[in-house]
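Okay, protein.pdb is below, PDB, C-alpha atoms:
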ATOM      1  CA  MET A  17      -6.804   5.373  13.442  1.00  0.00           C
ATOM      2  CA  ARG A  18      -6.294   7.962  10.714  1.00  0.00           C
ATOM      3  CA  THR A  19      -3.053   9.915  10.800  1.00  0.00           C
ATOM      4  CA  TRP A  20      -2.632  13.185   8.949  1.00  0.00           C
ATOM      5  CA  THR A  21       1.000  14.197   8.637  1.00  0.00           C
ATOM      6  CA  ARG A  22       1.900  17.730   7.702  1.00  0.00           C
ATOM      7  CA  ALA A  23       4.917  17.940   5.488  1.00  0.00           C
ATOM      8  CA  VAL A  24       7.117  20.608   4.015  1.00  0.00           C
ATOM      9  CA  PRO A  25       8.599  19.727   0.595  1.00  0.00           C
ATOM     10  CA  VAL A  26      12.368  19.784   0.451  1.00  0.00           C
ATOM     11  CA  THR A  27      12.415  22.218  -2.486  1.00  0.00           C
ATOM     12  CA  ALA A  28       9.143  24.099  -2.089  1.00  0.00           C
ATOM     13  CA  GLY A  29       7.603  26.406   0.479  1.00  0.00           C
ATOM     14  CA  ALA A  30       4.004  25.189   0.364  1.00  0.00           C
ATOM     15  CA  LEU A  31       2.591  22.700   2.834  1.00  0.00           C
ATOM     16  CA  VAL A  32       1.630  19.241   1.673  1.00  0.00           C
ATOM     17  CA  PHE A  33      -0.392  16.621   3.479  1.00  0.00           C
ATOM     18  CA  ALA A  34       0.239  12.919   3.774  1.00  0.00           C
ATOM     19  CA  LEU A  35      -2.339  10.328   4.758  1.00  0.00           C
ATOM     20  CA  ALA A  36      -1.587   6.954   6.287  1.00  0.00           C
ATOM     21  CA  LEU A  37      -4.326   4.607   7.450  1.00  0.00           C
ATOM     22  CA  THR A  38      -3.501   2.443  10.421  1.00  0.00           C
ATOM     23  CA  GLY A  39      -5.533  -0.717  10.155  1.00  0.00           C
ATOM     24  CA  CYS A  40      -7.146  -1.875   6.960  1.00  0.00           C
ATOM     25  CA  ASP A  41     -10.524  -1.367   5.365  1.00  0.00           C
ATOM     26  CA  GLY A  42     -12.162  -4.715   4.832  1.00  0.00           C
ATOM     27  CA  GLY A  43     -14.720  -3.424   2.364  1.00  0.00           C
ATOM     28  CA  GLY A  44     -14.450  -2.744  -1.336  1.00  0.00           C
ATOM     29  CA  LYS A  45     -11.694  -0.848  -3.066  1.00  0.00           C
ATOM     30  CA  LYS A  46     -11.428   2.838  -2.330  1.00  0.00           C
ATOM     31  CA  GLY A  47     -10.589   5.157  -5.200  1.00  0.00           C
ATOM     32  CA  HIS A  48      -7.238   6.815  -4.569  1.00  0.00           C
ATOM     33  CA  LYS A  49      -8.629  10.200  -5.578  1.00  0.00           C
ATOM     34  CA  SER A  50     -11.816  10.176  -3.560  1.00  0.00           C
ATOM     35  CA  GLY A  51     -10.408  10.714  -0.063  1.00  0.00           C
ATOM     36  CA  SER A  52     -13.221   8.541   1.316  1.00  0.00           C
ATOM     37  CA  ASP A  53     -11.101   5.957   3.107  1.00  0.00           C
ATOM     38  CA  SER A  54     -12.695   4.479   6.237  1.00  0.00           C
ATOM     39  CA  ASP A  55     -10.821   3.829   9.478  1.00  0.00           C
ATOM     40  CA  HIS A  56     -10.664   0.411  11.113  1.00  0.00           C
ATOM     41  CA  SER A  57      -8.783  -0.989  14.076  1.00  0.00           C
ATOM     42  CA  SER A  58      -5.556  -2.859  13.385  1.00  0.00           C
ATOM     43  CA  SER A  59      -5.476  -6.634  13.360  1.00  0.00           C
ATOM     44  CA  SER A  60      -3.312  -9.517  12.269  1.00  0.00           C
ATOM     45  CA  SER A  61      -4.072 -11.502   9.106  1.00  0.00           C
ATOM     46  CA  SER A  62      -5.184 -14.472  11.182  1.00  0.00           C
ATOM     47  CA  SER A  63      -8.170 -12.508  12.467  1.00  0.00           C
ATOM     48  CA  SER A  64      -9.081 -10.597   9.315  1.00  0.00           C
ATOM     49  CA  GLY A  65     -10.541 -11.293   5.941  1.00  0.00           C
ATOM     50  CA  GLY A  66     -13.587 -13.379   6.827  1.00  0.00           C
ATOM     51  CA  SER A  67     -14.117 -17.011   5.907  1.00  0.00           C
ATOM     52  CA  GLY A  68     -12.465 -17.660   2.549  1.00  0.00           C
ATOM     53  CA  SER A  69     -12.134 -21.162   1.179  1.00  0.00           C
ATOM     54  CA  SER A  70      -9.827 -23.248   3.355  1.00  0.00           C
ATOM     55  CA  LYS A  71      -8.319 -24.762   0.171  1.00  0.00           C
ATOM     56  CA  GLU A  72      -7.547 -21.429  -1.437  1.00  0.00           C
ATOM     57  CA  LYS A  73      -3.884 -20.513  -1.477  1.00  0.00           C
ATOM     58  CA  THR A  74      -3.372 -17.205   0.338  1.00  0.00           C
ATOM     59  CA  SER A  75       0.315 -17.339   1.364  1.00  0.00           C
ATOM     60  CA  TYR A  76       3.111 -16.641  -1.126  1.00  0.00           C
ATOM     61  CA  ARG A  77       6.838 -16.029  -1.281  1.00  0.00           C
ATOM     62  CA  LEU A  78       8.243 -12.750  -2.524  1.00  0.00           C
ATOM     63  CA  GLY A  79       8.530 -12.951  -6.299  1.00  0.00           C
ATOM     64  CA  GLN A  80       5.416 -15.098  -6.681  1.00  0.00           C
ATOM     65  CA  THR A  81       2.531 -13.545  -8.597  1.00  0.00           C
ATOM     66  CA  SER A  82      -0.949 -13.111  -7.154  1.00  0.00           C
ATOM     67  CA  PRO A  83      -4.003 -14.661  -8.762  1.00  0.00           C
ATOM     68  CA  ALA A  84      -5.790 -12.289 -11.132  1.00  0.00           C
ATOM     69  CA  GLN A  85      -7.535  -9.523  -9.210  1.00  0.00           C
ATOM     70  CA  LYS A  86     -10.689  -7.856 -10.538  1.00  0.00           C
ATOM     71  CA  SER A  87     -11.235  -4.129 -10.576  1.00  0.00           C
ATOM     72  CA  ASP A  88     -14.422  -2.931  -8.900  1.00  0.00           C
ATOM     73  CA  ASP A  89     -13.944   0.687  -9.934  1.00  0.00           C
ATOM     74  CA  ASP A  90     -16.973   1.918 -11.883  1.00  0.00           C
ATOM     75  CA  GLU A  91     -14.903   2.993 -14.877  1.00  0.00           C
ATOM     76  CA  THR A  92     -12.867  -0.221 -15.172  1.00  0.00           C
ATOM     77  CA  LYS A  93     -15.145  -2.775 -13.529  1.00  0.00           C
ATOM     78  CA  GLY A  94     -14.223  -6.314 -14.522  1.00  0.00           C
ATOM     79  CA  ALA A  95     -10.684  -5.507 -15.681  1.00  0.00           C
ATOM     80  CA  THR A  96      -8.104  -7.927 -14.277  1.00  0.00           C
ATOM     81  CA  PHE A  97      -4.518  -7.497 -13.116  1.00  0.00           C
ATOM     82  CA  THR A  98      -1.880  -9.233 -11.020  1.00  0.00           C
ATOM     83  CA  ILE A  99       0.559  -8.000  -8.391  1.00  0.00           C
ATOM     84  CA  THR A 100       3.988  -9.492  -7.727  1.00  0.00           C
ATOM     85  CA  PRO A 101       5.656  -8.145  -4.570  1.00  0.00           C
ATOM     86  CA  THR A 102       9.392  -8.698  -4.982  1.00  0.00           C
ATOM     87  CA  LYS A 103      11.059  -6.937  -2.044  1.00  0.00           C
ATOM     88  CA  VAL A 104      10.068  -5.500   1.345  1.00  0.00           C
ATOM     89  CA  GLN A 105      12.419  -3.331   3.385  1.00  0.00           C
ATOM     90  CA  THR A 106      11.977  -1.377   6.615  1.00  0.00           C
ATOM     91  CA  GLY A 107      13.542   2.080   6.412  1.00  0.00           C
ATOM     92  CA  THR A 108      15.257   4.180   9.047  1.00  0.00           C
ATOM     93  CA  LYS A 109      14.764   7.325  11.104  1.00  0.00           C
ATOM     94  CA  ALA A 110      17.243   9.017   8.766  1.00  0.00           C
ATOM     95  CA  ASP A 111      15.016   8.163   5.794  1.00  0.00           C
ATOM     96  CA  MET A 112      12.105   9.795   7.573  1.00  0.00           C
ATOM     97  CA  ALA A 113      14.131  12.868   8.536  1.00  0.00           C
ATOM     98  CA  ASN A 114      15.281  13.372   4.949  1.00  0.00           C
ATOM     99  CA  SER A 115      11.896  12.681   3.320  1.00  0.00           C
ATOM    100  CA  GLY A 116      10.566  16.230   3.505  1.00  0.00           C
ATOM    101  CA  LEU A 117       7.707  15.053   5.735  1.00  0.00           C
ATOM    102  CA  LYS A 118       7.296  16.474   9.210  1.00  0.00           C
ATOM    103  CA  LYS A 119       5.078  14.594  11.624  1.00  0.00           C
ATOM    104  CA  ASP A 120       2.652  16.310  13.942  1.00  0.00           C
ATOM    105  CA  GLU A 121       4.029  16.485  17.469  1.00  0.00           C
ATOM    106  CA  LYS A 122       1.064  14.496  18.802  1.00  0.00           C
ATOM    107  CA  ASP A 123       1.850  11.537  16.534  1.00  0.00           C
ATOM    108  CA  GLU A 124       4.172   8.712  17.517  1.00  0.00           C
ATOM    109  CA  PRO A 125       7.503   8.495  15.638  1.00  0.00           C
ATOM    110  CA  LYS A 126       7.303   6.537  12.399  1.00  0.00           C
ATOM    111  CA  VAL A 127       9.654   4.969   9.888  1.00  0.00           C
ATOM    112  CA  PRO A 128       8.997   4.055   6.254  1.00  0.00           C
ATOM    113  CA  VAL A 129       8.549   0.592   4.829  1.00  0.00           C
ATOM    114  CA  TYR A 130       9.269   0.140   1.127  1.00  0.00           C
ATOM    115  CA  VAL A 131       7.512  -2.462  -1.010  1.00  0.00           C
ATOM    116  CA  TRP A 132       8.721  -3.131  -4.542  1.00  0.00           C
ATOM    117  CA  SER A 133       6.165  -4.770  -6.831  1.00  0.00           C
ATOM    118  CA  THR A 134       5.361  -5.493 -10.450  1.00  0.00           C
ATOM    119  CA  LEU A 135       1.852  -4.627 -11.645  1.00  0.00           C
ATOM    120  CA  ASN A 136       0.617  -6.502 -14.708  1.00  0.00           C
ATOM    121  CA  HIS A 137      -2.601  -5.585 -16.527  1.00  0.00           C
ATOM    122  CA  LYS A 138      -4.223  -8.773 -17.810  1.00  0.00           C
ATOM    123  CA  SER A 139      -7.553  -7.878 -19.429  1.00  0.00           C
ATOM    124  CA  GLY A 140     -10.308  -5.263 -19.745  1.00  0.00           C
ATOM    125  CA  LYS A 141     -10.156  -1.496 -19.858  1.00  0.00           C
ATOM    126  CA  PRO A 142      -6.877   0.345 -19.115  1.00  0.00           C
ATOM    127  CA  MET A 143      -6.297   0.846 -15.393  1.00  0.00           C
ATOM    128  CA  GLU A 144      -4.397   3.509 -13.460  1.00  0.00           C
ATOM    129  CA  LEU A 145      -1.415   2.366 -11.386  1.00  0.00           C
ATOM    130  CA  GLY A 146      -3.003   3.974  -8.331  1.00  0.00           C
ATOM    131  CA  ASP A 147      -6.034   1.710  -8.686  1.00  0.00           C
ATOM    132  CA  MET A 148      -3.974  -1.424  -9.202  1.00  0.00           C
ATOM    133  CA  ASP A 149      -1.927  -1.030  -5.995  1.00  0.00           C
ATOM    134  CA  ASP A 150      -4.726   0.500  -3.904  1.00  0.00           C
ATOM    135  CA  ASP A 151      -5.311  -2.606  -1.772  1.00  0.00           C
ATOM    136  CA  LEU A 152      -1.696  -3.205  -0.768  1.00  0.00           C
ATOM    137  CA  VAL A 153      -1.213  -3.326   3.018  1.00  0.00           C
ATOM    138  CA  VAL A 154       1.855  -3.771   5.222  1.00  0.00           C
ATOM    139  CA  ARG A 155       1.571  -5.820   8.419  1.00  0.00           C
ATOM    140  CA  THR A 156       4.205  -5.289  11.098  1.00  0.00           C
ATOM    141  CA  ASP A 157       5.782  -7.733  13.526  1.00  0.00           C
ATOM    142  CA  GLN A 158       3.415  -6.359  16.184  1.00  0.00           C
ATOM    143  CA  GLY A 159       0.290  -7.011  14.143  1.00  0.00           C
ATOM    144  CA  GLN A 160      -0.360  -3.461  12.994  1.00  0.00           C
ATOM    145  CA  ARG A 161      -1.608  -3.048   9.442  1.00  0.00           C
ATOM    146  CA  THR A 162      -1.395   0.102   7.358  1.00  0.00           C
ATOM    147  CA  ARG A 163      -2.189   1.270   3.862  1.00  0.00           C
ATOM    148  CA  ALA A 164       0.294   3.099   1.650  1.00  0.00           C
ATOM    149  CA  LEU A 165       1.287   6.674   2.345  1.00  0.00           C
ATOM    150  CA  ILE A 166      -0.605   9.137   0.129  1.00  0.00           C
ATOM    151  CA  VAL A 167       0.841  12.603  -0.365  1.00  0.00           C
ATOM    152  CA  ILE A 168      -1.951  14.940  -1.444  1.00  0.00           C
ATOM    153  CA  MET A 169       0.291  17.774  -2.675  1.00  0.00           C
ATOM    154  CA  GLY A 170       3.979  17.585  -3.521  1.00  0.00           C
ATOM    155  CA  GLU A 171       5.802  14.333  -2.823  1.00  0.00           C
ATOM    156  CA  ALA A 172       7.979  12.658  -0.239  1.00  0.00           C
ATOM    157  CA  LYS A 173      11.583  11.750  -1.053  1.00  0.00           C
ATOM    158  CA  TRP A 174      12.723   8.211  -0.263  1.00  0.00           C
ATOM    159  CA  PRO A 175      16.080   6.560  -1.108  1.00  0.00           C
ATOM    160  CA  ASN A 176      15.757   4.129  -4.039  1.00  0.00           C
ATOM    161  CA  CYS A 177      11.951   4.411  -3.936  1.00  0.00           C
ATOM    162  CA  PRO A 178      10.817   7.050  -6.444  1.00  0.00           C
ATOM    163  CA  ALA A 179       7.249   8.304  -6.402  1.00  0.00           C
ATOM    164  CA  ILE A 180       5.044   6.720  -9.056  1.00  0.00           C
ATOM    165  CA  ASP A 181       2.684   8.449 -11.446  1.00  0.00           C
ATOM    166  CA  ARG A 182      -0.519   7.088  -9.936  1.00  0.00           C
ATOM    167  CA  ASP A 183      -2.553   8.364 -12.898  1.00  0.00           C
ATOM    168  CA  LYS A 184      -0.511   6.437 -15.466  1.00  0.00           C
ATOM    169  CA  LYS A 185      -2.651   3.824 -17.213  1.00  0.00           C
ATOM    170  CA  LEU A 186      -1.686   0.317 -18.244  1.00  0.00           C
ATOM    171  CA  SER A 187      -3.427  -1.558 -21.048  1.00  0.00           C
ATOM    172  CA  PRO A 188      -3.754  -5.353 -21.264  1.00  0.00           C
ATOM    173  CA  GLY A 189      -0.331  -6.933 -21.660  1.00  0.00           C
ATOM    174  CA  GLN A 190       1.531  -3.991 -20.110  1.00  0.00           C
ATOM    175  CA  SER A 191       3.369  -4.099 -16.780  1.00  0.00           C
ATOM    176  CA  GLU A 192       5.092  -1.603 -14.486  1.00  0.00           C
ATOM    177  CA  LYS A 193       7.641  -1.991 -11.693  1.00  0.00           C
ATOM    178  CA  ILE A 194       6.835   0.308  -8.771  1.00  0.00           C
ATOM    179  CA  CYS A 195       7.922   1.091  -5.230  1.00  0.00           C
ATOM    180  CA  THR A 196       5.301   1.955  -2.611  1.00  0.00           C
ATOM    181  CA  ALA A 197       6.056   3.612   0.743  1.00  0.00           C
ATOM    182  CA  PHE A 198       4.197   2.898   3.986  1.00  0.00           C
ATOM    183  CA  LEU A 199       4.644   4.466   7.441  1.00  0.00           C
ATOM    184  CA  VAL A 200       4.784   2.236  10.528  1.00  0.00           C
ATOM    185  CA  PRO A 201       5.549   3.044  14.191  1.00  0.00           C
ATOM    186  CA  GLU A 202       9.233   3.355  14.960  1.00  0.00           C
ATOM    187  CA  GLY A 203      10.548   0.127  16.484  1.00  0.00           C
ATOM    188  CA  GLN A 204       8.240  -2.092  14.427  1.00  0.00           C
ATOM    189  CA  LYS A 205       9.354  -3.976  11.328  1.00  0.00           C
ATOM    190  CA  ALA A 206       7.504  -5.159   8.272  1.00  0.00           C
ATOM    191  CA  GLU A 207       6.447  -8.777   8.665  1.00  0.00           C
ATOM    192  CA  ALA A 208       4.373  -9.173   5.504  1.00  0.00           C
ATOM    193  CA  VAL A 209       2.783  -7.353   2.605  1.00  0.00           C
ATOM    194  CA  GLU A 210      -0.853  -8.177   1.924  1.00  0.00           C
ATOM    195  CA  ILE A 211      -3.552  -7.588  -0.666  1.00  0.00           C
ATOM    196  CA  ASN A 212      -6.794  -6.728   1.061  1.00  0.00           C
ATOM    197  CA  ARG A 213      -9.801  -8.477  -0.520  1.00  0.00           C
ATOM    198  CA  GLY A 214     -12.666  -7.281   1.641  1.00  0.00           C
ATOM    199  CA  TYR A 215     -14.531  -8.890   4.522  1.00  0.00           C
ATOM    200  CA  SER A 216     -15.518 -12.065   2.691  1.00  0.00           C
ATOM    201  CA  LYS A 217     -12.016 -13.258   1.774  1.00  0.00           C
ATOM    202  CA  LYS A 218      -8.741 -13.601   3.630  1.00  0.00           C
ATOM    203  CA  PRO A 219      -6.021 -11.248   2.386  1.00  0.00           C
ATOM    204  CA  LEU A 220      -3.269 -12.619   0.204  1.00  0.00           C
ATOM    205  CA  GLU A 221       0.073 -12.518   2.015  1.00  0.00           C
ATOM    206  CA  TRP A 222       3.770 -12.343   1.138  1.00  0.00           C
ATOM    207  CA  ARG A 223       6.227 -12.680   4.027  1.00  0.00           C
ATOM    208  CA  ALA A 224       8.723  -9.828   4.179  1.00  0.00           C
ATOM    209  CA  THR A 225      11.647 -12.225   3.731  1.00  0.00           C
ATOM    210  CA  SER A 226      11.739 -14.566   0.765  1.00  0.00           C
TER     211      SER A 226
END
Take the structure from the file and write it as structure tokens.
Amino acid sequence: MRTWTRAVPVTAGALVFALALTGCDGGGKKGHKSGSDSDHSSSSSSSSGGSGSSKEKTSYRLGQTSPAQKSDDDETKGATFTITPTKVQTGTKADMANSGLKKDEKDEPKVPVYVWSTLNHKSGKPMELGDMDDDLVVRTDQGQRTRALIVIMGEAKWPNCPAIDRDKKLSPGQSEKICTAFLVPEGQKAEAVEINRGYSKKPLEWRATS
């Protein structure tokens, strides 16, 4: 389901909106600016991703680098990059209370999950950070999968997880260490971080503990 969370910035009076997608789109990459994300029911990695090669390595330890991923964005199509998740941590109710976000009363309580990663541009046209981490997904210990939190206006405040400049571009040979925040139901913990690769391939997976 799609969850819109109204939020009041800690230091500003205007409303901001945050978007978290429960479940994971199995299709192509969605541009982080377009707002055209599609909703899908949640599922575990064992039942998602289609029929990739049985010999292809899809499970990694934290700190191991993904195979080169190809951009399918029109402006950077064919550019390649890698992602190296290095740390996954489930946050607390206090983190949520101090974030500046305020959930709608109809929504279930949520807590943040933080994923630290290194993005490395390998080849092709410069790519924005927001395009390079767009397919990251967190899977919980109860099989729920969710995309990263997107704050449309303003920003959320998380301890030791600063907001990234999603429009910043990397050229071939450049890398950037980032932290990405996800929202999961309170009481659930992060089990793995995944890279969604569409319906035809199984997602790549890093267990939340190395």
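Against this structure, the PyMOL selection byres ((chain A and resi 150-157) around 6) ends up with Gly146, Asp147, Met148, Asp149, Gln158, Gly159, Gln160, Arg161, Thr162, Arg163, Lys205, Ala206, Glu207, Ala208, Val209, Glu210, Ile211 and Asn212 of chain A.
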Identify, on the basis of only C-alpha atoms, every residue whose closest approach to Ala164 (chain A) does not exceed 7 Å; exclude the query and any residue fewer than 3 positions from it along the same chain; express the result as an mmCIF file with C-alpha atoms, keeping the file's coordinate frame.
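The resulting file, around.cif, is reproduced below:
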data_model
loop_
_atom_site.group_PDB
_atom_site.id
_atom_site.type_symbol
_atom_site.label_atom_id
_atom_site.label_comp_id
_atom_site.auth_asym_id
_atom_site.auth_seq_id
_atom_site.Cartn_x
_atom_site.Cartn_y
_atom_site.Cartn_z
ATOM 1 C CA ALA A 36 -1.587 6.954 6.287
ATOM 2 C CA VAL A 153 -1.213 -3.326 3.018
ATOM 3 C CA THR A 196 5.301 1.955 -2.611
ATOM 4 C CA ALA A 197 6.056 3.612 0.743
ATOM 5 C CA PHE A 198 4.197 2.898 3.986
#
So how far away is CA of Ala84 (chain A) from CA of Trp222 (chain A), in Å?
-> 15.6 Å
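Take CA of Ile180 (chain A) and CA of Lys193 (chain A): the distance between them is 9.5 Å.
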Applied to this file, what does the PyMOL selection byres ((chain A and resi 128) around 9) return in terms of residues, put as a list in words?
-> Gln105, Thr106, Gly107, Thr108, Lys109, Asp111, Met112, Lys126, Val127, Val129, Tyr130, Trp174, Ala197, Phe198, Leu199, Val200, Pro201 and Glu202 of chain A
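The space separating CA of Ile99 (chain A) from CA of Gln85 (chain A) comes to 8.3 Å.
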So, counting only C-alpha atoms, which residue among A:Lys73, A:Arg223, A:Lys141, A:Arg182 is closest to Cys195 (chain A)?
-> A:Arg182
Report the residues retrieved by the PyMOL selection byres ((chain A and resi 98) around 9) from the displayed file, expressed as a VMD selection string.
-> chain A and resid 81 to 86 96 to 97 99 to 100 134 to 138 148
Between A:Glu72, A:Ala172, A:Thr225, A:Leu220, which is the closest to Ala113 (chain A) once you count all atoms listed in the file?
-> A:Ala172
Residue nearest Glu124 (chain A) among A:Gly203, A:Cys177, A:Gly170, A:Thr92 (counting all atoms listed in the file) =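 Looking at the shortest contact to Glu124 (chain A), the residue is A:Gly203.
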Pick out the residues sitting within 7 Å of Trp132 (chain A), and hand them over as number ranges by chain; count only C-alpha atoms, and ignore anything fewer than 3 positions along from it in its own chain.
-> A: 101-104, 194-196
